[in-house]
>>> print(open('work-v1.pdb').read())   # PDB, C-alpha atoms, pLDDT in the B column
MODEL        1
ATOM      1  CA  LEU A   1      14.764  22.200  23.424  1.00 80.00           C
ATOM      2  CA  ALA A   2      16.565  19.031  22.386  1.00 81.00           C
ATOM      3  CA  ALA A   3      19.823  20.979  22.154  1.00 83.00           C
ATOM      4  CA  VAL A   4      19.899  21.618  25.903  1.00 84.00           C
ATOM      5  CA  GLU A   5      19.006  18.038  26.825  1.00 86.00           C
ATOM      6  CA  ASP A   6      21.899  15.769  27.757  1.00 86.00           C
ATOM      7  CA  LYS A   7      22.038  12.602  25.715  1.00 87.00           C
ATOM      8  CA  ARG A   8      23.611  10.473  28.477  1.00 87.00           C
ATOM      9  CA  HIS A   9      21.322  11.405  31.377  1.00 87.00           C
ATOM     10  CA  ASP A  10      17.616  11.087  30.528  1.00 88.00           C
ATOM     11  CA  GLY A  11      15.735  14.230  31.417  1.00 89.00           C
ATOM     12  CA  ALA A  12      18.769  16.351  32.280  1.00 90.00           C
ATOM     13  CA  GLY A  13      18.648  19.660  30.494  1.00 88.00           C
ATOM     14  CA  ILE A  14      20.959  22.595  31.022  1.00 84.00           C
ATOM     15  CA  ALA A  15      19.568  26.094  31.349  1.00 85.00           C
ATOM     16  CA  SER A  16      21.362  27.324  28.216  1.00 81.00           C
ATOM     17  CA  PRO A  17      24.445  26.539  26.168  1.00 75.00           C
ATOM     18  CA  SER A  18      25.420  30.210  26.409  1.00 71.00           C
ATOM     19  CA  VAL A  19      27.491  32.414  28.637  1.00 65.00           C
ATOM     20  CA  PRO A  20      25.531  35.664  28.578  1.00 61.00           C
ATOM     21  CA  TRP A  21      28.313  38.103  29.351  1.00 56.00           C
ATOM     22  CA  GLY A  22      29.169  39.183  25.832  1.00 53.00           C
ATOM     23  CA  GLU A  23      32.506  39.689  24.211  1.00 55.00           C
ATOM     24  CA  THR A  24      34.536  39.537  27.425  1.00 61.00           C
ATOM     25  CA  GLU A  25      34.226  35.752  27.792  1.00 58.00           C
ATOM     26  CA  TYR A  26      36.150  33.370  25.582  1.00 59.00           C
ATOM     27  CA  ALA A  27      34.938  29.851  24.873  1.00 55.00           C
ATOM     28  CA  ALA A  28      38.492  28.479  25.014  1.00 61.00           C
ATOM     29  CA  GLU A  29      38.775  29.448  28.681  1.00 63.00           C
ATOM     30  CA  ASP A  30      36.845  27.381  31.220  1.00 59.00           C
ATOM     31  CA  ARG A  31      35.753  29.933  33.784  1.00 60.00           C
ATOM     32  CA  GLY A  32      33.393  27.537  35.574  1.00 62.00           C
ATOM     33  CA  TYR A  33      30.275  29.619  35.139  1.00 66.00           C
ATOM     34  CA  GLY A  34      27.505  30.167  32.668  1.00 71.00           C
ATOM     35  CA  TYR A  35      24.193  28.472  32.244  1.00 79.00           C
ATOM     36  CA  ASN A  36      25.507  25.023  31.359  1.00 83.00           C
ATOM     37  CA  PHE A  37      24.109  23.564  34.594  1.00 89.00           C
ATOM     38  CA  VAL A  38      20.706  22.136  35.535  1.00 93.00           C
ATOM     39  CA  TRP A  39      18.351  24.416  37.470  1.00 93.00           C
ATOM     40  CA  SER A  40      14.971  22.842  38.197  1.00 93.00           C
ATOM     41  CA  ARG A  41      13.359  26.238  37.510  1.00 92.00           C
ATOM     42  CA  ASP A  42      14.770  26.343  33.985  1.00 91.00           C
ATOM     43  CA  LEU A  43      14.085  22.661  33.398  1.00 93.00           C
ATOM     44  CA  TYR A  44      10.473  23.407  34.389  1.00 95.00           C
ATOM     45  CA  GLN A  45      10.283  25.910  31.514  1.00 93.00           C
ATOM     46  CA  VAL A  46      11.578  23.317  29.048  1.00 92.00           C
ATOM     47  CA  PHE A  47       9.256  20.726  30.598  1.00 94.00           C
ATOM     48  CA  THR A  48       6.132  22.832  30.032  1.00 94.00           C
ATOM     49  CA  ALA A  49       7.021  23.303  26.371  1.00 93.00           C
ATOM     50  CA  LEU A  50       7.745  19.585  25.915  1.00 93.00           C
ATOM     51  CA  VAL A  51       4.447  18.571  27.489  1.00 95.00           C
ATOM     52  CA  GLU A  52       2.448  21.073  25.457  1.00 93.00           C
ATOM     53  CA  VAL A  53       3.920  19.809  22.153  1.00 95.00           C
ATOM     54  CA  GLY A  54       3.085  16.222  23.082  1.00 95.00           C
ATOM     55  CA  GLU A  55       6.517  15.118  24.333  1.00 94.00           C
ATOM     56  CA  VAL A  56       5.045  13.910  27.627  1.00 96.00           C
ATOM     57  CA  LYS A  57       7.560  11.071  28.096  1.00 95.00           C
ATOM     58  CA  ARG A  58      10.473  13.507  27.750  1.00 93.00           C
ATOM     59  CA  GLY A  59       8.747  15.788  30.256  1.00 95.00           C
ATOM     60  CA  ALA A  60       8.345  12.855  32.637  1.00 96.00           C
ATOM     61  CA  ASN A  61      12.054  12.089  32.207  1.00 96.00           C
ATOM     62  CA  ALA A  62      12.882  15.668  33.216  1.00 96.00           C
ATOM     63  CA  LEU A  63      10.881  15.365  36.413  1.00 97.00           C
ATOM     64  CA  ALA A  64      12.348  11.946  37.201  1.00 97.00           C
ATOM     65  CA  TYR A  65      15.821  13.478  36.759  1.00 97.00           C
ATOM     66  CA  LEU A  66      15.037  16.196  39.303  1.00 97.00           C
ATOM     67  CA  TYR A  67      13.646  13.830  41.907  1.00 98.00           C
ATOM     68  CA  ASN A  68      16.097  10.962  41.373  1.00 97.00           C
ATOM     69  CA  THR A  69      19.267  12.962  40.747  1.00 96.00           C
ATOM     70  CA  GLN A  70      18.942  16.322  42.495  1.00 96.00           C
ATOM     71  CA  GLN A  71      16.594  15.812  45.441  1.00 97.00           C
ATOM     72  CA  ASP A  72      18.063  14.882  48.825  1.00 97.00           C
ATOM     73  CA  ASP A  73      16.374  12.908  51.615  1.00 97.00           C
ATOM     74  CA  ASP A  74      14.896  16.093  53.147  1.00 97.00           C
ATOM     75  CA  GLY A  75      13.217  17.153  49.878  1.00 98.00           C
ATOM     76  CA  PHE A  76      15.779  19.870  49.121  1.00 98.00           C
ATOM     77  CA  LEU A  77      16.895  20.491  45.546  1.00 97.00           C
ATOM     78  CA  PRO A  78      20.018  22.630  45.206  1.00 96.00           C
ATOM     79  CA  GLN A  79      20.192  25.861  43.252  1.00 93.00           C
ATOM     80  CA  ASN A  80      21.763  23.922  40.382  1.00 93.00           C
ATOM     81  CA  THR A  81      23.815  20.849  39.535  1.00 94.00           C
ATOM     82  CA  TYR A  82      26.166  19.545  36.929  1.00 92.00           C
ATOM     83  CA  ILE A  83      24.502  17.163  34.463  1.00 91.00           C
ATOM     84  CA  ASP A  84      25.631  14.153  36.518  1.00 92.00           C
ATOM     85  CA  GLY A  85      23.861  15.531  39.608  1.00 93.00           C
ATOM     86  CA  ARG A  86      26.843  16.858  41.540  1.00 93.00           C
ATOM     87  CA  THR A  87      25.874  20.082  43.254  1.00 94.00           C
ATOM     88  CA  ARG A  88      27.272  23.180  41.559  1.00 91.00           C
ATOM     89  CA  TRP A  89      25.888  26.004  43.670  1.00 89.00           C
ATOM     90  CA  GLY A  90      23.997  24.601  46.629  1.00 91.00           C
ATOM     91  CA  GLY A  91      21.925  27.647  47.491  1.00 92.00           C
ATOM     92  CA  GLU A  92      18.334  27.362  48.636  1.00 95.00           C
ATOM     93  CA  GLN A  93      15.953  28.800  46.062  1.00 95.00           C
ATOM     94  CA  MET A  94      12.469  27.796  47.128  1.00 97.00           C
ATOM     95  CA  ASP A  95      11.014  28.022  43.621  1.00 96.00           C
ATOM     96  CA  ASN A  96      13.507  25.363  42.498  1.00 95.00           C
ATOM     97  CA  ILE A  97      12.126  23.106  45.224  1.00 98.00           C
ATOM     98  CA  ALA A  98       8.470  23.882  44.430  1.00 98.00           C
ATOM     99  CA  PHE A  99       8.363  23.583  40.642  1.00 97.00           C
ATOM    100  CA  PRO A 100       8.796  19.784  40.519  1.00 98.00           C
ATOM    101  CA  SER A 101       5.470  19.229  42.305  1.00 98.00           C
ATOM    102  CA  VAL A 102       3.811  21.512  39.748  1.00 98.00           C
ATOM    103  CA  MET A 103       5.408  19.338  37.062  1.00 97.00           C
ATOM    104  CA  ALA A 104       4.065  16.182  38.746  1.00 98.00           C
ATOM    105  CA  TRP A 105       0.549  17.621  38.686  1.00 98.00           C
ATOM    106  CA  GLN A 106       0.859  18.679  35.048  1.00 97.00           C
ATOM    107  CA  LEU A 107       1.982  15.171  34.130  1.00 97.00           C
ATOM    108  CA  HIS A 108      -1.000  13.763  36.010  1.00 97.00           C
ATOM    109  CA  GLU A 109      -3.211  16.089  33.973  1.00 96.00           C
ATOM    110  CA  HIS A 110      -1.635  14.590  30.822  1.00 96.00           C
ATOM    111  CA  GLY A 111      -2.348  11.026  31.905  1.00 96.00           C
ATOM    112  CA  VAL A 112       0.898  10.066  33.653  1.00 95.00           C
ATOM    113  CA  THR A 113      -0.017   8.280  36.872  1.00 93.00           C
ATOM    114  CA  LEU A 114       2.408   7.720  39.707  1.00 92.00           C
ATOM    115  CA  ALA A 115       2.222   3.998  38.968  1.00 93.00           C
ATOM    116  CA  ASP A 116       3.638   4.729  35.499  1.00 92.00           C
ATOM    117  CA  ALA A 117       6.194   7.315  36.620  1.00 95.00           C
ATOM    118  CA  ASP A 118       9.884   6.951  37.427  1.00 96.00           C
ATOM    119  CA  TYR A 119       9.362   8.935  40.644  1.00 96.00           C
ATOM    120  CA  THR A 120       7.096   8.483  43.644  1.00 97.00           C
ATOM    121  CA  TYR A 121       4.637  10.554  45.605  1.00 97.00           C
ATOM    122  CA  GLU A 122       7.039  10.199  48.537  1.00 97.00           C
ATOM    123  CA  GLN A 123       9.509  12.318  46.556  1.00 98.00           C
ATOM    124  CA  VAL A 124       6.820  14.916  45.890  1.00 98.00           C
ATOM    125  CA  ARG A 125       5.831  14.845  49.569  1.00 98.00           C
ATOM    126  CA  ARG A 126       9.423  15.355  50.753  1.00 98.00           C
ATOM    127  CA  SER A 127       9.756  18.597  48.797  1.00 98.00           C
ATOM    128  CA  LEU A 128       6.347  19.763  49.985  1.00 98.00           C
ATOM    129  CA  GLY A 129       7.474  19.087  53.549  1.00 98.00           C
ATOM    130  CA  TYR A 130      10.663  21.043  52.958  1.00 98.00           C
ATOM    131  CA  ILE A 131       8.642  24.007  51.700  1.00 98.00           C
ATOM    132  CA  ALA A 132       6.204  23.806  54.620  1.00 98.00           C
ATOM    133  CA  VAL A 133       9.016  23.760  57.186  1.00 98.00           C
ATOM    134  CA  ASN A 134      11.391  26.271  55.565  1.00 97.00           C
ATOM    135  CA  GLY A 135       9.186  28.625  53.544  1.00 96.00           C
ATOM    136  CA  PRO A 136       7.891  31.035  52.610  1.00 97.00           C
ATOM    137  CA  GLU A 137      11.193  32.832  53.157  1.00 96.00           C
ATOM    138  CA  THR A 138      13.904  31.839  50.709  1.00 95.00           C
ATOM    139  CA  ALA A 139      17.663  32.026  51.110  1.00 95.00           C
ATOM    140  CA  GLN A 140      17.939  33.218  47.504  1.00 92.00           C
ATOM    141  CA  GLU A 141      15.147  34.656  45.432  1.00 89.00           C
ATOM    142  CA  ARG A 142      15.039  34.090  41.698  1.00 78.00           C
ATOM    143  CA  TRP A 143      16.438  37.286  40.250  1.00 74.00           C
ATOM    144  CA  GLU A 144      18.956  38.814  42.591  1.00 71.00           C
ATOM    145  CA  GLU A 145      19.752  35.882  44.866  1.00 78.00           C
ATOM    146  CA  GLU A 146      18.772  37.904  47.916  1.00 88.00           C
ATOM    147  CA  ALA A 147      17.320  36.322  51.033  1.00 94.00           C
ATOM    148  CA  GLY A 148      13.837  37.134  52.203  1.00 94.00           C
ATOM    149  CA  PHE A 149      10.243  37.079  51.108  1.00 95.00           C
ATOM    150  CA  SER A 150      10.093  37.108  47.314  1.00 93.00           C
ATOM    151  CA  PRO A 151       6.701  37.338  45.565  1.00 94.00           C
ATOM    152  CA  SER A 152       8.015  35.107  42.782  1.00 93.00           C
ATOM    153  CA  SER A 153       9.287  32.455  45.193  1.00 95.00           C
ATOM    154  CA  ILE A 154       6.142  32.588  47.336  1.00 97.00           C
ATOM    155  CA  ALA A 155       3.948  32.181  44.235  1.00 97.00           C
ATOM    156  CA  ALA A 156       5.963  29.113  43.214  1.00 97.00           C
ATOM    157  CA  GLU A 157       5.711  27.695  46.742  1.00 98.00           C
ATOM    158  CA  ILE A 158       1.926  28.147  46.812  1.00 98.00           C
ATOM    159  CA  ALA A 159       1.599  26.572  43.369  1.00 98.00           C
ATOM    160  CA  GLY A 160       3.788  23.662  44.439  1.00 98.00           C
ATOM    161  CA  LEU A 161       1.823  23.046  47.627  1.00 98.00           C
ATOM    162  CA  VAL A 162      -1.543  23.257  45.846  1.00 98.00           C
ATOM    163  CA  CYS A 163      -0.423  20.951  43.029  1.00 98.00           C
ATOM    164  CA  GLY A 164       1.089  18.472  45.467  1.00 97.00           C
ATOM    165  CA  ALA A 165      -2.133  18.387  47.482  1.00 97.00           C
ATOM    166  CA  ALA A 166      -4.217  17.940  44.325  1.00 97.00           C
ATOM    167  CA  LEU A 167      -1.948  15.089  43.244  1.00 97.00           C
ATOM    168  CA  ALA A 168      -2.327  13.383  46.630  1.00 96.00           C
ATOM    169  CA  LEU A 169      -6.103  13.584  46.368  1.00 96.00           C
ATOM    170  CA  ALA A 170      -6.166  12.427  42.736  1.00 94.00           C
ATOM    171  CA  GLU A 171      -3.886   9.431  43.158  1.00 82.00           C
TER     172      GLU A 171
ENDMDL
END
>>> encode(input="work-v1.pdb", output="structure tokens")
Amino acid sequence: LAAVEDKRHDGAGIASPSVPWGETEYAAEDRGYGYNFVWSRDLYQVFTALVEVGEVKRGANALAYLYNTQQDDDGFLPQNTYIDGRTRWGGEQMDNIAFPSVMAWQLHEHGVTLADADYTYEQVRRSLGYIAVNGPETAQERWEEEAGFSPSSIAAEIAGLVCGAALALAE
């Protein structure tokens, strides 16, 4: 997990240091694609492992990165970004927008209050508002990047909305 975390940007973790297309891709050639970008969905997976092994502060850094680096004023988080937060592929994947509020709730469950966090409930609320206005349809679903109603995306949206509401009530 530490291998995919950037050492200059707290909380930023790339999806994978690999390019999963086998022998046809050469490391010496920069083709501009692979998994060396930050997807909130993939960072959520790393986050859950970090939190469960007791690395709660590193998990909180991951969430703060998403809200403070990727999120725009409307609550949107792009499909993925470079480590420094510049948008790579700006597609709308609703699960990417929903998972951070699940992370916020999980941190709350592990004792991280909003008063102690490097993000605010306003940031959580903005993404929840984006989901409420634009969901449940997604411009790109998780696996095939097709538009429409994806069970995976809808499940993430519901989880995000429920966790965001629970966080609002708890704080």
>>> residues_around(input="work-v1.pdb", residues="range 143-151 of chain A", least_positions_apart="4", cutoff="10 Å", atoms="all atoms listed in the file", output="list in words")
Gly91, Glu92, Gln93, Met94, Asp95, Gly135, Pro136, Glu137, Thr138, Ala139, Ala155, Ala156 and Glu157 of chain A
>>> residues_around(input="work-v1.pdb", residues="Gln123 in chain A", least_positions_apart="5", cutoff="8 Å", atoms="only C-alpha atoms", output="PyMOL selection string")
chain A and resi 67+71+75
>>> atom_distance(input="work-v1.pdb", atom1="CA of Gln79 in chain A", atom2="CA of Tyr35 in chain A")
12.0 Å
>>> residues_near_point(input="work-v1.pdb", point="(20.9, 10.3, 28.7)", cutoff="12 Å", atoms="all atoms listed in the file", output="PyMOL selection string")
chain A and resi 2+4-13+58+61-62+65+83-84
>>> residues_around(input="work-v1.pdb", residues="Thr120 in chain A", least_positions_apart="6", cutoff="12 Å", atoms="all atoms listed in the file", output="PyMOL selection string")
chain A and resi 60+63-64+66-68+100-101+104+112-114+126-127+164+167-168+171
>>> closest_residue(input="work-v1.pdb", among="A:Glu122, A:Asp72, A:Asp116, A:Asp42", to="Lys57 in chain A", atoms="all atoms listed in the file")
A:Asp116
>>> resolve_selection(input="work-v1.pdb", expression="the PyMOL selection byres ((chain A and resi 89) around 10)", output="ChimeraX atom specification")
/A:37,39,78-82,86-88,90-92
>>> build_atoms(input="work-v1.pdb", residues="range 129-150 of chain A", atoms="N, CA and C atoms", output="CSV table (one decimal), keeping the file's coordinate frame")
chain,number,residue,atom,x,y,z
A,129,GLY,N,7.1,19.0,52.1
A,129,GLY,CA,7.5,19.1,53.5
A,129,GLY,C,8.6,20.1,53.8
A,130,TYR,N,9.6,20.1,52.9
A,130,TYR,CA,10.7,21.0,53.0
A,130,TYR,C,10.1,22.5,52.8
A,131,ILE,N,9.2,22.7,51.9
A,131,ILE,CA,8.6,24.0,51.7
A,131,ILE,C,7.8,24.4,52.9
A,132,ALA,N,7.0,23.5,53.5
A,132,ALA,CA,6.2,23.8,54.6
A,132,ALA,C,7.0,24.2,55.8
A,133,VAL,N,8.2,23.5,56.0
A,133,VAL,CA,9.0,23.8,57.2
A,133,VAL,C,9.9,25.0,57.0
A,134,ASN,N,10.4,25.2,55.8
A,134,ASN,CA,11.4,26.3,55.6
A,134,ASN,C,10.9,27.5,54.9
A,135,GLY,N,9.7,27.5,54.3
A,135,GLY,CA,9.2,28.6,53.5
A,135,GLY,C,8.3,29.5,54.4
A,136,PRO,N,7.8,30.5,54.0
A,136,PRO,CA,7.9,31.0,52.6
A,136,PRO,C,9.2,31.8,52.3
A,137,GLU,N,9.9,32.1,53.4
A,137,GLU,CA,11.2,32.8,53.2
A,137,GLU,C,12.1,32.0,52.4
A,138,THR,N,12.9,32.6,51.5
A,138,THR,CA,13.9,31.8,50.7
A,138,THR,C,15.3,32.4,51.0
A,139,ALA,N,16.3,31.6,50.9
A,139,ALA,CA,17.7,32.0,51.1
A,139,ALA,C,18.1,32.8,49.9
A,140,GLN,N,17.6,32.5,48.7
A,140,GLN,CA,17.9,33.2,47.5
A,140,GLN,C,16.7,33.3,46.7
A,141,GLU,N,16.3,34.5,46.3
A,141,GLU,CA,15.1,34.7,45.4
A,141,GLU,C,15.6,34.6,44.0
A,142,ARG,N,14.7,34.4,43.1
A,142,ARG,CA,15.0,34.1,41.7
A,142,ARG,C,16.0,35.1,41.0
A,143,TRP,N,15.7,36.3,41.1
A,143,TRP,CA,16.4,37.3,40.2
A,143,TRP,C,17.7,37.8,40.8
A,144,GLU,N,17.8,38.2,42.0
A,144,GLU,CA,19.0,38.8,42.6
A,144,GLU,C,19.7,38.0,43.6
A,145,GLU,N,19.2,36.8,43.9
A,145,GLU,CA,19.8,35.9,44.9
A,145,GLU,C,19.9,36.5,46.3
A,146,GLU,N,18.9,37.3,46.6
A,146,GLU,CA,18.8,37.9,47.9
A,146,GLU,C,17.9,37.1,48.8
A,147,ALA,N,18.2,37.1,50.1
A,147,ALA,CA,17.3,36.3,51.0
A,147,ALA,C,16.1,37.1,51.4
A,148,GLY,N,15.0,36.4,51.7
A,148,GLY,CA,13.8,37.1,52.2
A,148,GLY,C,12.6,36.6,51.6
A,149,PHE,N,11.6,37.4,51.6
A,149,PHE,CA,10.2,37.1,51.1
A,149,PHE,C,10.1,37.6,49.7
A,150,SER,N,10.2,36.7,48.7
A,150,SER,CA,10.1,37.1,47.3
A,150,SER,C,8.7,36.7,46.8
